[in-house]
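Q: Here you go, one structure.
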Amino acid sequence: MDKEWIKEKTFDKAAGLFNGDKAEYEQCIFLNGSFNKADLSHNEFNDCVFERCDLSMANLSKAAFRNVVFRDCKLMGLHFEQCNPFNLAFQFERCILDHSSFFQVKLKDTIFRDCPLRAVDFTEADLSQAALEQCDLSGARFDQTNLEKADLRSAYNYTIDPSLNKLKKARFSIPGVLALLAPLGITIEH
């Protein structure tokens with residue numbers, strides 16, 4: 001069965017939108033939606049915007065997100081590694097992404113702006129040239145993560161082991177950059 005194709009539609013406070021039917025959404029806007037634990041699997045989102053939506057714990061299995069912007073959304077506990085990787089592209093602004101996983105996800109050039117990313121798993125993710133602006137990275141896991149040319153100048157509360165991650169030409173600021181020394185177990189006094 002072919003997916004329904006929905007173009008240039010705005011969904012405000014839509015309830016039950018993702019109830020099992022699969023669709024391809026193009027240039028759609030989702031406002032104030034409560035999609036907590038929704039089944040987004042196999043849906044496609046192209047050039048869409050989600051604003052003030054709660055997608056926490058949603059099923060993202062084989063969901064396609066191509067040039068999708070999330071603004072002021074709650075996206076807790078999501079497994080982005082389950083998404084369809086073809087042309088995967090996001091932008092996150094003021095979104096809560098705590099306890100989500102980007103394991104092995106290609107996030108090159110992705111913008112995370114003013115986002116809590118507490119206890120997020122970035123293991124083996126490609127964050128090259130990504131921007132993590134004003135992001136709280138408390139407990140975020142970086143292991144074999146590509147952070148080359150990434151901008152972490154305004155990110156905070158991170159611990160990144162330089163021996164386990166690629167950091168060439170990544171951008172940091174003082175005092176945040178001192179967190180790169182934490183895995184060495186040294187004491188820095190002022």
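Numbering starts fresh at 1 for the residues of each chain in the structure tokens, the chains themselves are lettered A, B, ... in the order given, and ligands are numbered from 1 as they appear.
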Quick one: residues within 8 Å of Ala131 in chain A, only C-alpha atoms counted, chain neighbours fewer than 4 positions away excluded, as a compact mmCIF listing (two decimals) with C-alpha atoms, in the first residue's frame?

A:
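Below is the file result_20.txt, written as the result:
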# COMPACT_ATOMS: atom_id res chain seq x y z
CA ASP A 109 26.63 20.36 10.05
CA THR A 110 23.75 19.85 12.50
CA ILE A 111 22.83 22.83 14.67
CA PHE A 112 21.85 22.32 18.30
CA ARG A 113 20.92 25.72 19.75
CA ALA A 150 32.61 21.22 15.57
CA ASP A 151 31.80 24.40 17.46
CA LEU A 152 31.52 23.86 21.22

Q: For range 85-99 of chain A, list every protein, DNA or RNA residue within 7 Å, evaluated using only C-alpha atoms, and leave out those in the same chain fewer than 2 positions away; present the list as a PyMOL selection string.

A: chain A and resi 64-77+83+101+110-120

Q: Dump N, CA and C atoms for the selected residues as a short mmCIF file (atom, residue, chain, number, x, y, z; two decimals), in the first residue's frame?

A:
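So out_35.cif came out as:
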data_model
loop_
_atom_site.label_atom_id
_atom_site.label_comp_id
_atom_site.auth_asym_id
_atom_site.auth_seq_id
_atom_site.Cartn_x
_atom_site.Cartn_y
_atom_site.Cartn_z
N ALA A 64 11.91 8.84 8.32
CA ALA A 64 12.83 9.67 7.54
C ALA A 64 12.64 11.14 7.92
N PHE A 65 13.73 11.79 8.30
CA PHE A 65 13.71 13.21 8.63
C PHE A 65 14.72 13.90 7.71
N ARG A 66 14.23 14.65 6.76
CA ARG A 66 15.09 15.33 5.80
C ARG A 66 14.84 16.83 5.88
N ASN A 67 15.84 17.56 6.35
CA ASN A 67 15.73 19.01 6.54
C ASN A 67 14.56 19.36 7.45
N VAL A 68 14.55 18.77 8.63
CA VAL A 68 13.49 19.00 9.60
C VAL A 68 14.00 19.88 10.73
N VAL A 69 13.20 20.87 11.09
CA VAL A 69 13.53 21.78 12.17
C VAL A 69 12.62 21.48 13.36
N PHE A 70 13.23 21.34 14.53
CA PHE A 70 12.49 21.17 15.78
C PHE A 70 12.73 22.42 16.62
N ARG A 71 11.64 23.10 17.01
CA ARG A 71 11.75 24.30 17.85
C ARG A 71 10.91 24.13 19.11
N ASP A 72 11.52 24.39 20.24
CA ASP A 72 10.82 24.36 21.52
C ASP A 72 10.08 23.04 21.73
N CYS A 73 10.72 21.95 21.36
CA CYS A 73 10.10 20.63 21.46
C CYS A 73 10.72 19.81 22.60
N LYS A 74 9.95 18.86 23.07
CA LYS A 74 10.42 17.90 24.06
C LYS A 74 10.67 16.59 23.31
N LEU A 75 11.94 16.18 23.27
CA LEU A 75 12.35 15.02 22.47
C LEU A 75 13.16 14.06 23.34
N MET A 76 12.64 13.74 24.49
CA MET A 76 13.38 12.94 25.45
C MET A 76 13.30 11.45 25.14
N GLY A 77 14.44 10.78 25.32
CA GLY A 77 14.48 9.33 25.19
C GLY A 77 14.29 8.80 23.79
N CYS A 83 16.36 5.85 12.87
CA CYS A 83 15.81 6.57 11.72
C CYS A 83 16.41 6.06 10.41
N SER A 101 19.48 9.10 22.07
CA SER A 101 20.65 8.43 21.53
C SER A 101 20.84 8.78 20.06
N THR A 110 24.98 19.69 11.73
CA THR A 110 23.75 19.85 12.50
C THR A 110 23.90 20.98 13.51
N ILE A 111 22.84 21.75 13.68
CA ILE A 111 22.83 22.83 14.67
C ILE A 111 21.96 22.42 15.85
N PHE A 112 22.56 22.49 17.03
CA PHE A 112 21.85 22.32 18.30
C PHE A 112 21.96 23.67 19.00
N ARG A 113 20.87 24.38 19.17
CA ARG A 113 20.92 25.72 19.75
C ARG A 113 20.07 25.76 21.02
N ASP A 114 20.71 26.12 22.15
CA ASP A 114 20.03 26.24 23.45
C ASP A 114 19.28 24.96 23.82
N CYS A 115 19.94 23.84 23.70
CA CYS A 115 19.30 22.55 23.97
C CYS A 115 19.94 21.83 25.16
N PRO A 116 19.13 21.39 26.12
CA PRO A 116 19.65 20.45 27.11
C PRO A 116 19.88 19.10 26.42
N LEU A 117 21.10 18.62 26.49
CA LEU A 117 21.49 17.34 25.89
C LEU A 117 22.09 16.47 27.00
N ARG A 118 21.40 16.43 28.13
CA ARG A 118 21.91 15.71 29.30
C ARG A 118 21.76 14.21 29.09
N ALA A 119 22.86 13.50 29.37
CA ALA A 119 22.90 12.03 29.26
C ALA A 119 22.56 11.55 27.85
N VAL A 120 22.91 12.33 26.84
CA VAL A 120 22.71 11.93 25.45
C VAL A 120 23.89 11.08 25.00
#

Q: As a ChimeraX atom specification, which residues of range 6-89 of chain A does DSSP assign to strand (DSSP E)?

A: /A:6-7,10-12,23-26,29-31,44-46,49-51,64-66,68-71

Q: At a cut-off of 9 Å, using only C-alpha atoms, what residues contact Ala14 in chain A? Leave out same-chain residues fewer than 2 positions from it and give the result as JSON, numbers by chain.

A: {"A": [11, 12, 16, 17, 30, 31, 32, 33, 34, 35]}

Q: Export, as a short mmCIF file (atom, residue, chain, number, x, y, z; two decimals), in the first residue's frame, the selected residues with C-alpha atoms.

A:
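This went into result_6.cif:
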data_model
loop_
_atom_site.label_atom_id
_atom_site.label_comp_id
_atom_site.auth_asym_id
_atom_site.auth_seq_id
_atom_site.Cartn_x
_atom_site.Cartn_y
_atom_site.Cartn_z
CA PHE A 11 -1.39 20.58 12.02
CA ASP A 12 -2.23 22.47 15.23
CA GLY A 16 -3.96 10.77 17.06
CA LEU A 17 -2.14 11.91 13.94
CA PHE A 30 3.27 20.59 13.34
CA LEU A 31 2.29 22.93 16.19
CA ASN A 32 1.61 22.13 19.84
CA GLY A 33 1.31 18.40 19.13
CA SER A 34 1.39 15.78 21.84
CA PHE A 35 3.02 12.78 20.17
#

Q: Between CA of Asp54 in chain A and CA of Phe80 in chain A, what distance in Å does the model show, to one decimal?

A: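 That distance, rounded to one decimal, is 15.2 Å.
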
Q: What is the distance, in Å and to one decimal place, between CA of Ala140 in chain A and CA of Pro183 in chain A?

A: 14.1 Å

Q: I need the residue nearest Arg171 in chain A from this list: A:Ser128, A:Gln82, A:Gln144, A:Asn19. Use only C-alpha atoms for the distance.

A: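 So, comparing all the options, the nearest one is A:Ser128.
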
Q: Restricting the calculation to only C-alpha atoms: of A:Ala38, A:Leu137, A:Ile174, A:Ile29, which residue gets closest to Arg52 in chain A?

A: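 Looking only at the distances to Arg52 in chain A, the closest residue turns out to be A:Ile29.
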
Q: Tell me which protein, DNA and RNA residues are within 9 Å of Trp5 in chain A, counting only C-alpha atoms, leaving out same-chain ones fewer than 6 positions away, and put them as a PyMOL selection string.

A: chain A and resi 23-26

Q: Which is closest to Ser41 in chain A among A:Asp121, A:Asn84, A:Val177, A:Leu55, if we use only C-alpha atoms?

A: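 Closest residue, counting only C-alpha atoms: A:Asn84.
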